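Q: Please find model17.cif (mmCIF, C-alpha atoms and all ligand atoms) on the next line:
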```cif
data_work
#
loop_
_atom_site.group_PDB
_atom_site.id
_atom_site.type_symbol
_atom_site.label_atom_id
_atom_site.label_comp_id
_atom_site.auth_asym_id
_atom_site.auth_seq_id
_atom_site.Cartn_x
_atom_site.Cartn_y
_atom_site.Cartn_z
ATOM 1 C CA MET Y 913 171.235 -6.948 -71.407
ATOM 2 C CA GLU Y 914 174.404 -5.420 -69.910
ATOM 3 C CA LEU Y 915 174.504 -1.712 -69.056
ATOM 4 C CA TRP Y 916 177.830 0.069 -69.413
ATOM 5 C CA ILE Y 917 178.808 3.576 -68.330
ATOM 6 C CA ASN Y 918 181.406 4.858 -70.772
ATOM 7 C CA GLU Y 919 183.464 7.956 -69.948
ATOM 8 C CA ILE Y 920 185.303 9.173 -73.047
ATOM 9 C CA GLN Y 921 188.598 10.386 -71.608
ATOM 10 C CA THR Y 922 190.441 10.957 -74.891
ATOM 11 C CA ASN Y 923 189.804 9.938 -78.510
ATOM 12 C CA ASN Y 924 191.709 6.736 -77.798
ATOM 13 C CA LEU Y 925 190.855 6.054 -74.199
ATOM 14 C CA HIS Y 926 187.455 5.210 -72.733
ATOM 15 C CA PHE Y 927 186.834 4.200 -69.128
ATOM 16 C CA SER Y 928 183.939 1.743 -68.844
ATOM 17 C CA ILE Y 929 182.121 0.479 -65.785
ATOM 18 C CA ARG Y 930 179.326 -2.083 -65.860
ATOM 19 C CA ALA Y 931 176.232 -0.771 -64.110
ATOM 20 C CA LYS Y 932 174.064 -3.151 -62.081
ATOM 21 C CA ASP Y 933 171.226 -0.682 -62.304
ATOM 22 C CA ILE Y 934 170.407 2.824 -63.504
ATOM 23 C CA LEU Y 935 168.656 4.518 -60.592
ATOM 24 C CA PHE Y 936 168.000 7.752 -62.479
ATOM 25 C CA ALA Y 937 168.571 9.092 -65.973
ATOM 26 C CA GLY Y 938 167.283 12.448 -67.146
ATOM 27 C CA ASN Y 939 168.095 15.905 -68.389
ATOM 28 C CA SER Y 940 167.930 19.180 -66.534
ATOM 29 C CA GLN Y 941 168.098 22.584 -68.176
ATOM 30 C CA TYR Y 942 171.905 22.379 -67.758
ATOM 31 C CA GLN Y 943 173.075 18.807 -68.199
ATOM 32 C CA GLU Y 944 172.373 15.096 -68.494
ATOM 33 C CA ILE Y 945 172.236 13.436 -65.071
ATOM 34 C CA ILE Y 946 172.728 9.710 -64.499
ATOM 35 C CA LEU Y 947 172.868 7.907 -61.199
ATOM 36 C CA ALA Y 948 174.028 4.311 -61.530
ATOM 37 C CA ASP Y 949 174.682 1.461 -59.145
ATOM 38 C CA THR Y 950 177.903 -0.467 -59.777
ATOM 39 C CA ASP Y 951 179.861 -3.288 -58.155
ATOM 40 C CA GLU Y 952 183.289 -1.672 -57.940
ATOM 41 C CA PHE Y 953 182.309 1.923 -57.155
ATOM 42 C CA GLY Y 954 178.899 1.548 -55.524
ATOM 43 C CA TYR Y 955 176.542 4.346 -56.514
ATOM 44 C CA LEU Y 956 177.961 6.632 -59.170
ATOM 45 C CA LEU Y 957 176.886 10.116 -60.286
ATOM 46 C CA ILE Y 958 177.584 11.060 -63.918
ATOM 47 C CA LEU Y 959 176.965 14.517 -65.398
ATOM 48 C CA ASP Y 960 177.189 15.030 -69.166
ATOM 49 C CA ASN Y 961 179.054 11.722 -69.435
ATOM 50 C CA VAL Y 962 181.707 12.710 -66.869
ATOM 51 C CA LEU Y 963 182.115 10.664 -63.673
ATOM 52 C CA GLN Y 964 181.530 12.937 -60.685
ATOM 53 C CA THR Y 965 181.435 11.056 -57.423
ATOM 54 C CA CYS Y 966 180.898 7.543 -56.098
ATOM 55 C CA ALA Y 967 180.399 5.661 -52.841
ATOM 56 C CA PHE Y 968 183.771 3.905 -53.050
ATOM 57 C CA ASP Y 969 186.126 6.897 -52.896
ATOM 58 C CA GLU Y 970 184.054 10.063 -52.325
ATOM 59 C CA PHE Y 971 185.580 10.480 -48.847
ATOM 60 C CA ILE Y 972 189.009 11.222 -50.365
ATOM 61 C CA TYR Y 973 187.779 14.091 -52.535
ATOM 62 C CA HIS Y 974 185.433 15.588 -49.951
ATOM 63 C CA GLU Y 975 187.829 15.419 -47.008
ATOM 64 C CA MET Y 976 190.689 16.891 -49.043
ATOM 65 C CA ILE Y 977 188.713 19.745 -50.614
ATOM 66 C CA THR Y 978 187.271 20.652 -47.195
ATOM 67 C CA HIS Y 979 189.666 20.023 -44.328
ATOM 68 C CA ILE Y 980 192.861 21.337 -45.936
ATOM 69 C CA PRO Y 981 191.447 24.862 -46.464
ATOM 70 C CA VAL Y 982 189.391 24.873 -43.255
ATOM 71 C CA PHE Y 983 192.365 23.972 -41.031
ATOM 72 C CA THR Y 984 194.562 26.436 -42.933
ATOM 73 C CA HIS Y 985 192.343 29.336 -41.808
ATOM 74 C CA PRO Y 986 192.713 30.053 -38.055
ATOM 75 C CA ASN Y 987 189.158 31.260 -37.484
ATOM 76 C CA PRO Y 988 186.728 30.594 -40.348
ATOM 77 C CA LYS Y 989 183.167 31.735 -39.686
ATOM 78 C CA LYS Y 990 181.637 32.064 -43.142
ATOM 79 C CA VAL Y 991 182.144 29.466 -45.873
ATOM 80 C CA LEU Y 992 180.767 29.389 -49.412
ATOM 81 C CA ILE Y 993 180.513 26.231 -51.528
ATOM 82 C CA VAL Y 994 180.156 26.791 -55.282
ATOM 83 C CA GLY Y 995 178.611 23.712 -56.953
ATOM 84 C CA GLY Y 996 178.845 20.635 -54.738
ATOM 85 C CA GLY Y 997 175.349 19.405 -55.761
ATOM 86 C CA ASP Y 998 175.848 15.901 -54.327
ATOM 87 C CA GLY Y 999 176.226 17.385 -50.815
ATOM 88 C CA GLY Y 1000 179.497 15.650 -49.841
ATOM 89 C CA THR Y 1001 181.418 18.886 -49.320
ATOM 90 C CA ALA Y 1002 178.594 20.489 -47.308
ATOM 91 C CA ARG Y 1003 178.548 17.371 -45.113
ATOM 92 C CA GLU Y 1004 182.263 17.765 -44.344
ATOM 93 C CA VAL Y 1005 182.143 21.572 -43.790
ATOM 94 C CA LEU Y 1006 179.214 21.185 -41.360
ATOM 95 C CA ARG Y 1007 181.392 18.992 -39.147
ATOM 96 C CA HIS Y 1008 183.323 22.139 -38.186
ATOM 97 C CA LEU Y 1009 181.043 23.447 -35.469
ATOM 98 C CA ASP Y 1010 182.838 26.822 -35.119
ATOM 99 C CA ILE Y 1011 181.764 27.755 -38.640
ATOM 100 C CA GLU Y 1012 178.668 29.910 -38.278
ATOM 101 C CA GLU Y 1013 177.401 30.198 -41.854
ATOM 102 C CA ILE Y 1014 177.735 27.744 -44.722
ATOM 103 C CA LYS Y 1015 176.165 28.759 -47.988
ATOM 104 C CA MET Y 1016 176.034 26.515 -51.040
ATOM 105 C CA VAL Y 1017 175.250 27.926 -54.479
ATOM 106 C CA GLU Y 1018 174.463 25.133 -56.930
ATOM 107 C CA ILE Y 1019 173.143 25.856 -60.412
ATOM 108 C CA ASP Y 1020 171.188 22.635 -60.933
ATOM 109 C CA LYS Y 1021 168.297 21.787 -58.584
ATOM 110 C CA LEU Y 1022 167.793 18.427 -60.290
ATOM 111 C CA VAL Y 1023 171.269 17.218 -59.210
ATOM 112 C CA ILE Y 1024 170.312 18.019 -55.615
ATOM 113 C CA ASP Y 1025 166.895 16.350 -55.871
ATOM 114 C CA VAL Y 1026 168.337 13.189 -57.436
ATOM 115 C CA CYS Y 1027 171.124 12.899 -54.820
ATOM 116 C CA LYS Y 1028 168.686 13.480 -51.944
ATOM 117 C CA LYS Y 1029 166.417 10.753 -53.258
ATOM 118 C CA TYR Y 1030 168.922 8.073 -54.274
ATOM 119 C CA ILE Y 1031 172.074 8.616 -52.194
ATOM 120 C CA PRO Y 1032 170.825 9.966 -48.835
ATOM 121 C CA GLU Y 1033 173.927 8.887 -46.885
ATOM 122 C CA HIS Y 1034 176.063 11.013 -49.229
ATOM 123 C CA SER Y 1035 173.711 13.999 -49.333
ATOM 124 C CA SER Y 1036 172.699 14.034 -45.651
ATOM 125 C CA ALA Y 1037 173.557 17.764 -45.386
ATOM 126 C CA LEU Y 1038 171.056 18.569 -48.146
ATOM 127 C CA ILE Y 1039 168.335 16.461 -46.550
ATOM 128 C CA ASN Y 1040 168.910 18.055 -43.116
ATOM 129 C CA GLU Y 1041 169.085 21.588 -44.506
ATOM 130 C CA PRO Y 1042 165.695 22.685 -43.046
ATOM 131 C CA ASN Y 1043 166.895 21.693 -39.543
ATOM 132 C CA GLU Y 1044 170.392 23.183 -39.787
ATOM 133 C CA PRO Y 1045 170.289 26.961 -39.299
ATOM 134 C CA ARG Y 1046 173.975 27.302 -40.255
ATOM 135 C CA PHE Y 1047 173.372 25.916 -43.765
ATOM 136 C CA ILE Y 1048 171.798 27.930 -46.597
ATOM 137 C CA LEU Y 1049 171.226 26.414 -50.016
ATOM 138 C CA GLU Y 1050 170.549 28.635 -53.017
ATOM 139 C CA ILE Y 1051 169.915 27.481 -56.572
ATOM 140 C CA CYS Y 1052 171.840 29.900 -58.756
ATOM 141 C CA ASP Y 1053 174.919 30.344 -60.918
ATOM 142 C CA GLY Y 1054 177.947 30.521 -58.628
ATOM 143 C CA PHE Y 1055 179.755 33.019 -60.877
ATOM 144 C CA LYS Y 1056 176.782 35.389 -60.901
ATOM 145 C CA TYR Y 1057 176.471 35.082 -57.104
ATOM 146 C CA LEU Y 1058 180.149 35.914 -56.607
ATOM 147 C CA LYS Y 1059 179.951 38.970 -58.878
ATOM 148 C CA GLU Y 1060 177.344 40.352 -56.461
ATOM 149 C CA THR Y 1061 179.307 39.501 -53.281
ATOM 150 C CA THR Y 1062 182.093 41.581 -51.700
ATOM 151 C CA ASN Y 1063 184.337 41.084 -48.648
ATOM 152 C CA TYR Y 1064 182.121 38.445 -47.022
ATOM 153 C CA TYR Y 1065 183.617 34.932 -46.933
ATOM 154 C CA ASP Y 1066 186.551 33.479 -44.988
ATOM 155 C CA ILE Y 1067 186.698 30.430 -47.247
ATOM 156 C CA ILE Y 1068 185.262 29.637 -50.680
ATOM 157 C CA ILE Y 1069 185.257 26.014 -51.868
ATOM 158 C CA VAL Y 1070 184.704 25.567 -55.598
ATOM 159 C CA ASP Y 1071 183.408 21.995 -55.905
ATOM 160 C CA CYS Y 1072 182.575 22.311 -59.580
ATOM 161 C CA SER Y 1073 182.190 19.971 -62.511
ATOM 162 C CA ASP Y 1074 184.592 19.985 -65.466
ATOM 163 C CA PRO Y 1075 185.325 23.112 -67.534
ATOM 164 C CA ILE Y 1076 182.519 22.316 -69.978
ATOM 165 C CA GLY Y 1077 178.800 23.142 -69.832
ATOM 166 C CA PRO Y 1078 177.687 25.117 -66.742
ATOM 167 C CA GLY Y 1079 181.144 24.778 -65.109
ATOM 168 C CA GLU Y 1080 183.079 26.399 -67.972
ATOM 169 C CA GLY Y 1081 183.213 29.953 -66.562
ATOM 170 C CA LEU Y 1082 184.372 28.669 -63.167
ATOM 171 C CA PHE Y 1083 187.943 28.288 -64.448
ATOM 172 C CA SER Y 1084 188.312 31.810 -65.918
ATOM 173 C CA LYS Y 1085 190.486 34.642 -64.645
ATOM 174 C CA ASP Y 1086 187.382 36.820 -64.205
ATOM 175 C CA PHE Y 1087 185.907 34.155 -61.941
ATOM 176 C CA TYR Y 1088 189.060 34.168 -59.795
ATOM 177 C CA LYS Y 1089 188.892 37.969 -59.565
ATOM 178 C CA ALA Y 1090 185.283 37.662 -58.386
ATOM 179 C CA ILE Y 1091 186.384 35.111 -55.767
ATOM 180 C CA TYR Y 1092 189.118 37.476 -54.550
ATOM 181 C CA LYS Y 1093 186.551 40.259 -54.193
ATOM 182 C CA ALA Y 1094 184.072 38.047 -52.308
ATOM 183 C CA LEU Y 1095 186.722 36.970 -49.787
ATOM 184 C CA LYS Y 1096 187.579 38.887 -46.634
ATOM 185 C CA PRO Y 1097 191.067 40.478 -46.494
ATOM 186 C CA ASP Y 1098 192.510 37.272 -44.995
ATOM 187 C CA GLY Y 1099 190.300 34.820 -46.927
ATOM 188 C CA LEU Y 1100 191.306 31.824 -49.026
ATOM 189 C CA PHE Y 1101 189.747 29.576 -51.622
ATOM 190 C CA VAL Y 1102 190.197 26.095 -53.029
ATOM 191 C CA GLN Y 1103 189.043 24.563 -56.292
ATOM 192 C CA GLN Y 1104 189.133 21.066 -57.745
ATOM 193 C CA THR Y 1105 191.419 21.532 -60.754
ATOM 194 C CA GLU Y 1106 191.313 18.197 -62.572
ATOM 195 C CA SER Y 1107 193.993 15.671 -63.523
ATOM 196 C CA PRO Y 1108 197.659 16.703 -63.669
ATOM 197 C CA PHE Y 1109 198.063 14.213 -66.534
ATOM 198 C CA TYR Y 1110 195.146 15.213 -68.746
ATOM 199 C CA TYR Y 1111 194.559 18.901 -67.962
ATOM 200 C CA GLN Y 1112 198.095 20.316 -68.006
ATOM 201 C CA LYS Y 1113 197.297 23.335 -70.184
ATOM 202 C CA LEU Y 1114 194.301 24.277 -68.049
ATOM 203 C CA ILE Y 1115 196.172 23.883 -64.742
ATOM 204 C CA LYS Y 1116 199.189 25.844 -66.006
ATOM 205 C CA ARG Y 1117 196.926 28.695 -67.148
ATOM 206 C CA LEU Y 1118 194.803 28.859 -64.005
ATOM 207 C CA TYR Y 1119 197.879 28.603 -61.748
ATOM 208 C CA SER Y 1120 199.426 31.573 -63.526
ATOM 209 C CA ASP Y 1121 196.117 33.522 -63.331
ATOM 210 C CA LEU Y 1122 195.911 32.840 -59.605
ATOM 211 C CA GLU Y 1123 199.530 33.883 -59.051
ATOM 212 C CA ASP Y 1124 198.616 37.240 -60.625
ATOM 213 C CA ILE Y 1125 195.708 37.666 -58.217
ATOM 214 C CA PHE Y 1126 196.601 35.998 -54.886
ATOM 215 C CA PRO Y 1127 199.782 36.467 -52.808
ATOM 216 C CA ILE Y 1128 199.816 32.710 -52.085
ATOM 217 C CA THR Y 1129 199.009 30.016 -54.682
ATOM 218 C CA ARG Y 1130 199.458 26.319 -53.887
ATOM 219 C CA ILE Y 1131 198.536 23.033 -55.543
ATOM 220 C CA PHE Y 1132 197.948 19.760 -53.761
ATOM 221 C CA LEU Y 1133 197.248 16.257 -55.053
ATOM 222 C CA ALA Y 1134 195.238 13.225 -54.008
ATOM 223 C CA SER Y 1135 194.920 9.761 -55.531
ATOM 224 C CA ILE Y 1136 191.281 9.198 -56.453
ATOM 225 C CA PRO Y 1137 190.563 5.940 -58.328
ATOM 226 C CA LEU Y 1138 187.378 7.213 -60.020
ATOM 227 C CA TYR Y 1139 188.978 10.192 -61.727
ATOM 228 C CA GLN Y 1140 190.853 10.337 -64.984
ATOM 229 C CA GLY Y 1141 194.493 9.362 -64.404
ATOM 230 C CA CYS Y 1142 193.641 8.432 -60.793
ATOM 231 C CA LEU Y 1143 195.523 11.502 -59.572
ATOM 232 C CA HIS Y 1144 193.578 14.684 -58.921
ATOM 233 C CA SER Y 1145 194.722 18.260 -58.318
ATOM 234 C CA PHE Y 1146 193.267 20.979 -56.121
ATOM 235 C CA THR Y 1147 194.437 24.592 -56.175
ATOM 236 C CA ILE Y 1148 194.406 27.109 -53.337
ATOM 237 C CA GLY Y 1149 194.525 30.900 -53.675
ATOM 238 C CA SER Y 1150 195.041 32.669 -50.363
ATOM 239 C CA LYS Y 1151 195.323 36.302 -49.292
ATOM 240 C CA LYS Y 1152 197.194 35.586 -46.055
ATOM 241 C CA TYR Y 1153 197.307 32.051 -44.643
ATOM 242 C CA ASP Y 1154 199.631 29.490 -46.165
ATOM 243 C CA PRO Y 1155 198.516 25.840 -46.266
ATOM 244 C CA LEU Y 1156 202.215 24.995 -45.855
ATOM 245 C CA ASP Y 1157 202.340 26.594 -42.380
ATOM 246 C CA PHE Y 1158 202.102 23.098 -40.949
ATOM 247 C CA GLU Y 1159 203.113 23.887 -37.379
ATOM 248 C CA ASN Y 1160 200.211 26.278 -36.795
ATOM 249 C CA ILE Y 1161 197.724 24.337 -38.921
ATOM 250 C CA PHE Y 1162 198.275 21.051 -37.106
ATOM 251 C CA LYS Y 1163 197.579 22.682 -33.718
ATOM 252 C CA ARG Y 1164 194.047 23.246 -35.024
ATOM 253 C CA VAL Y 1165 193.311 19.637 -36.008
ATOM 254 C CA PRO Y 1166 191.140 18.218 -33.191
ATOM 255 C CA THR Y 1167 192.225 14.863 -31.809
ATOM 256 C CA ASP Y 1168 188.630 13.638 -31.565
ATOM 257 C CA PHE Y 1169 187.783 14.347 -35.236
ATOM 258 C CA LYS Y 1170 187.353 11.063 -37.115
ATOM 259 C CA PHE Y 1171 188.654 11.192 -40.688
ATOM 260 C CA LYS Y 1172 188.651 8.381 -43.181
ATOM 261 C CA TYR Y 1173 191.437 9.886 -45.313
ATOM 262 C CA TYR Y 1174 192.775 13.208 -43.998
ATOM 263 C CA ASN Y 1175 195.579 13.304 -41.427
ATOM 264 C CA LYS Y 1176 198.567 15.552 -40.765
ATOM 265 C CA GLU Y 1177 200.973 13.513 -42.906
ATOM 266 C CA ILE Y 1178 198.493 13.477 -45.788
ATOM 267 C CA HIS Y 1179 198.036 17.261 -45.506
ATOM 268 C CA GLN Y 1180 201.802 17.837 -45.553
ATOM 269 C CA ASN Y 1181 202.648 15.352 -48.295
ATOM 270 C CA ALA Y 1182 199.768 16.364 -50.573
ATOM 271 C CA PHE Y 1183 201.722 19.529 -51.422
ATOM 272 C CA SER Y 1184 204.809 17.560 -52.564
ATOM 273 C CA LEU Y 1185 204.577 17.742 -56.336
ATOM 274 C CA PRO Y 1186 206.315 15.388 -58.766
ATOM 275 C CA ASN Y 1187 209.019 16.979 -60.937
ATOM 276 C CA PHE Y 1188 207.104 16.666 -64.230
ATOM 277 C CA PHE Y 1189 204.270 18.669 -62.707
ATOM 278 C CA LYS Y 1190 206.529 21.329 -61.128
ATOM 279 C CA LYS Y 1191 208.105 21.778 -64.543
ATOM 280 C CA ILE Y 1192 204.710 22.300 -66.200
ATOM 281 C CA LEU Y 1193 203.785 24.961 -63.657
ATOM 282 C CA LYS Y 1194 207.082 26.830 -64.112
ATOM 283 C CA GLU Y 1195 207.454 26.637 -67.913
HETATM 284 N N1 LIG Y 1201 183.327 16.038 -57.192
HETATM 285 C C1 LIG Y 1201 182.971 16.366 -58.500
HETATM 286 C C2 LIG Y 1201 184.053 16.323 -59.525
HETATM 287 O O1 LIG Y 1201 185.097 16.933 -59.384
HETATM 288 O O2 LIG Y 1201 183.850 15.647 -60.531
HETATM 289 C C3 LIG Y 1201 182.148 17.591 -58.609
HETATM 290 C C4 LIG Y 1201 180.862 17.351 -57.917
HETATM 291 S S1 LIG Y 1201 179.516 18.407 -57.950
HETATM 292 C C5 LIG Y 1201 178.358 17.212 -58.572
HETATM 293 C C6 LIG Y 1201 179.695 19.591 -59.263
HETATM 294 C C7 LIG Y 1201 178.480 20.494 -59.335
HETATM 295 O O3 LIG Y 1201 178.839 21.778 -59.858
HETATM 296 C C8 LIG Y 1201 177.356 19.978 -60.224
HETATM 297 O O4 LIG Y 1201 176.260 19.601 -59.442
HETATM 298 C C9 LIG Y 1201 177.043 21.153 -61.159
HETATM 299 O O5 LIG Y 1201 175.669 21.316 -61.399
HETATM 300 C C10 LIG Y 1201 177.643 22.307 -60.361
HETATM 301 N N2 LIG Y 1201 177.917 23.500 -61.183
HETATM 302 C C11 LIG Y 1201 178.461 23.547 -62.426
HETATM 303 N N3 LIG Y 1201 178.537 24.812 -62.852
HETATM 304 C C12 LIG Y 1201 178.045 25.602 -61.848
HETATM 305 C C13 LIG Y 1201 177.869 26.996 -61.693
HETATM 306 N N4 LIG Y 1201 178.189 27.844 -62.685
HETATM 307 N N5 LIG Y 1201 177.338 27.460 -60.529
HETATM 308 C C14 LIG Y 1201 176.995 26.603 -59.533
HETATM 309 N N6 LIG Y 1201 177.136 25.264 -59.627
HETATM 310 C C15 LIG Y 1201 177.658 24.768 -60.777
#
```
If you convert what's in this file into structure tokens, what do you get?
Ligand code: SAM
A:
Amino acid sequence: MELWINEIQTNNLHFSIRAKDILFAGNSQYQEIILADTDEFGYLLILDNVLQTCAFDEFIYHEMITHIPVFTHPNPKKVLIVGGGDGGTAREVLRHLDIEEIKMVEIDKLVIDVCKKYIPEHSSALINEPNEPRFILEICDGFKYLKETTNYYDIIIVDCSDPIGPGEGLFSKDFYKAIYKALKPDGLFVQQTESPFYYQKLIKRLYSDLEDIFPITRIFLASIPLYQGCLHSFTIGSKKYDPLDFENIFKRVPTDFKFKYYNKEIHQNAFSLPNFFKKILKE
């Protein structure tokens, strides 16, 4: 019998991948969790029927959501990750040894337990947590945590799932206000903000919300084969530092840091937006 993973992208468009094996399938209090093994993508995490991350291209997403904001800040010491249950973002943030405190607030313990068990190379940061004094993992709602936090973080990385289920509130204007409050006076944040083809209304609304709140709002793009439309957007809200200040940012990129995707040209070009997308943001 063949096993197929079927992501319903629109009423008329489904994206199907044949699974060699289902390593885990179950429900937490928050969502349905599936971990599959596939030929094209390797292991594949699916939450509530939405493809989240896979062995084949996870490095693109995790390097882009981490290193662009971290190099943009001249001296980050405290970093918060909201979501990020597979551990890929924590793994990348921990590579920056000058960062003193990395906290991750993930709502769903089962996502963490499943990733630790079945994809240890991806979730190494979660497995090593007891031996890494810089890393603190808390199981809680990221929005609730931010409401109770003021003037503490240099960088907040929102590595959330889609704006449905537990991730819904993480795209609201109130959430962005809570992020602003939790950041230090020169802090910045980044969020994965979905496909510029399929989520235009959402991106337009959140971009305008962020422009009301932050002095600097920027969007960057990366091609990620797993995600809907294969082109993914990330949005930055910053109180002071501009991710387009390339001259200063690039002085901070260490020559001995090994990246699989990120480099200076990628950082610079990721902020070049196609005209159709610029138009959507301005309209
Ligand atoms: N790279 C992925 C993507 O864009 O598809 C996202 C990966 S990560 C698995 C997303 C995580 O956000 C999930 O583990 C989910 O449980 C978590 N999450 C969703 N809502 C949350 C909330 N309100 N607070 C904390 N974590 C949340």
Q: To verify the selection step, state as a list in words which residues the PyMOL selection byres (((chain Y and resi 1022) around 9) and not hetatm) yields on this input.
A: Asn939, Ser940, Gln941, Ile945, Gly997, Asp1020, Lys1021, Val1023, Ile1024, Asp1025, Val1026 and Cys1027 of chain Y
Q: So, counting only C-alpha atoms and all ligand atoms, which residue among Y:Phe1109, Y:Phe968, Y:Phe983, Y:Phe1055 is closest to ligand LIG 1201 (chain Y)?
A: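 Checking each candidate against ligand LIG 1201 (chain Y), we get Y:Phe1055 as the closest.
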Q: Can you write out as a Markdown table which residues of chain Y fall within 7 Å of ligand LIG 1201 (chain Y), alongside each residue's closest atom pair and its distance in Å to one decimal, counting all atoms listed in the file and ordering rows by chain and ascending residue number?
A:
```
| residue | atom | partner | partner_atom | distance |
| --- | --- | --- | --- | --- |
| Y:Leu963 | CA | Y:LIG1201 | O2 | 6.1 |
| Y:Gln964 | CA | Y:LIG1201 | O2 | 3.6 |
| Y:Thr965 | CA | Y:LIG1201 | N1 | 5.3 |
| Y:Tyr973 | CA | Y:LIG1201 | N1 | 6.7 |
| Y:Val994 | CA | Y:LIG1201 | C14 | 5.3 |
| Y:Gly995 | CA | Y:LIG1201 | N6 | 3.4 |
| Y:Gly996 | CA | Y:LIG1201 | S1 | 4.0 |
| Y:Gly997 | CA | Y:LIG1201 | O4 | 3.8 |
| Y:Asp998 | CA | Y:LIG1201 | C5 | 5.1 |
| Y:Val1017 | CA | Y:LIG1201 | C14 | 5.5 |
| Y:Glu1018 | CA | Y:LIG1201 | N6 | 3.8 |
| Y:Ile1019 | CA | Y:LIG1201 | C14 | 4.0 |
| Y:Asp1020 | CA | Y:LIG1201 | O5 | 4.7 |
| Y:Val1023 | CA | Y:LIG1201 | O4 | 5.5 |
| Y:Cys1052 | CA | Y:LIG1201 | C14 | 6.2 |
| Y:Asp1053 | CA | Y:LIG1201 | N5 | 3.8 |
| Y:Gly1054 | CA | Y:LIG1201 | N5 | 3.7 |
| Y:Phe1055 | CA | Y:LIG1201 | N4 | 5.7 |
| Y:Asp1071 | CA | Y:LIG1201 | C3 | 5.3 |
| Y:Cys1072 | CA | Y:LIG1201 | O3 | 3.8 |
| Y:Ser1073 | CA | Y:LIG1201 | C6 | 4.1 |
| Y:Asp1074 | CA | Y:LIG1201 | O2 | 6.6 |
| Y:Pro1078 | CA | Y:LIG1201 | N3 | 4.0 |
| Y:Gly1079 | CA | Y:LIG1201 | N3 | 3.4 |
| Y:Gly1081 | CA | Y:LIG1201 | N4 | 6.7 |
| Y:Leu1082 | CA | Y:LIG1201 | N4 | 6.3 |
| Y:Gln1104 | CA | Y:LIG1201 | O1 | 6.0 |
```
Q: Measure the distance from atom CA of Glu1013 of chain Y to atom CA of Tyr1092 of chain Y in Å and round it to one decimal.
A: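 Going from atom CA of Glu1013 of chain Y over to atom CA of Tyr1092 of chain Y covers 18.7 Å.
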Q: If I take atom CA of Asp969 of chain Y and atom CA of Gln1140 of chain Y, how far is one from the other in Å, to one decimal?
A: 13.4 Å
Q: Quote the spacing between atom CA of Pro986 of chain Y and atom CA of Asp1066 of chain Y in Å to one decimal place.
A: 9.9 Å
Q: Translate the PyMOL selection byres (((chain Y and resi 1122) around 12) and not hetatm) into a concrete residue list for this structure, as a ChimeraX atom specification.
A: /Y:1083-1092,1100-1103,1115-1121,1123-1131,1147-1151,1193
Q: Check what the PyMOL selection byres (((chain Y and resi 1179) around 12) and not hetatm) selects in the file above and give those residues as a tab-separated table (two decimals) with C-alpha atoms, in the coordinates of the input.
A:
```
chain	number	residue	atom	x	y	z
Y	972	ILE	CA	189.01	11.22	-50.36
Y	975	GLU	CA	187.83	15.42	-47.01
Y	976	MET	CA	190.69	16.89	-49.04
Y	977	ILE	CA	188.71	19.74	-50.61
Y	978	THR	CA	187.27	20.65	-47.20
Y	979	HIS	CA	189.67	20.02	-44.33
Y	980	ILE	CA	192.86	21.34	-45.94
Y	981	PRO	CA	191.45	24.86	-46.46
Y	982	VAL	CA	189.39	24.87	-43.26
Y	983	PHE	CA	192.36	23.97	-41.03
Y	984	THR	CA	194.56	26.44	-42.93
Y	1131	ILE	CA	198.54	23.03	-55.54
Y	1132	PHE	CA	197.95	19.76	-53.76
Y	1133	LEU	CA	197.25	16.26	-55.05
Y	1134	ALA	CA	195.24	13.22	-54.01
Y	1155	PRO	CA	198.52	25.84	-46.27
Y	1156	LEU	CA	202.22	25.00	-45.86
Y	1157	ASP	CA	202.34	26.59	-42.38
Y	1158	PHE	CA	202.10	23.10	-40.95
Y	1159	GLU	CA	203.11	23.89	-37.38
Y	1161	ILE	CA	197.72	24.34	-38.92
Y	1162	PHE	CA	198.28	21.05	-37.11
Y	1165	VAL	CA	193.31	19.64	-36.01
Y	1173	TYR	CA	191.44	9.89	-45.31
Y	1174	TYR	CA	192.78	13.21	-44.00
Y	1175	ASN	CA	195.58	13.30	-41.43
Y	1176	LYS	CA	198.57	15.55	-40.76
Y	1177	GLU	CA	200.97	13.51	-42.91
Y	1178	ILE	CA	198.49	13.48	-45.79
Y	1180	GLN	CA	201.80	17.84	-45.55
Y	1181	ASN	CA	202.65	15.35	-48.30
Y	1182	ALA	CA	199.77	16.36	-50.57
Y	1183	PHE	CA	201.72	19.53	-51.42
Y	1184	SER	CA	204.81	17.56	-52.56
```
Q: Check the smallest atom-to-atom distance from each of Y:Leu992, Y:Phe971, Y:Met913, Y:Asp933 to Phe1171 of chain Y using all atoms listed in the file, then report the winner.
A: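 Closest candidate: Y:Phe971.
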Q: Which residue is closest to Ile929 of chain Y? Choose from Y:Ile1068, Y:Leu1095, Y:Leu1138, Y:Lys1170 and count all atoms listed in the file.
A: Y:Leu1138
Q: Please determine, counting all atoms listed in the file, which residue among Y:Thr1062, Y:Thr950, Y:Asp1098, Y:Leu1114 has the shortest atom-to-atom distance to Pro1075 of chain Y.
A: Y:Leu1114
Q: Could you give me, as a ChimeraX atom specification, the residues within 9 Å of Gly1077 of chain Y, counting only C-alpha atoms and dropping anything in the same chain fewer than 6 positions from it?
A: /Y:942-943,960
Q: Find the smallest box with edges along x, y and z containing every listed atom of segment 1112-1118 of chain Y, then add 3 Å on each side and report centre and edge lengths in Å to one decimal, as lines of an AutoDock Vina configuration file.
A:
```
center_x = 196.7
center_y = 24.6
center_z = -67.1
size_x = 10.9
size_y = 14.5
size_z = 12.2
```
Q: Between Y:Ile1031, Y:Ala937, Y:Leu925, Y:Ala1002, which one has atoms that come closest to Glu1044 of chain Y, using all atoms listed in the file?
A: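 Among the listed residues, the smallest separation from Glu1044 of chain Y belongs to Y:Ala1002.
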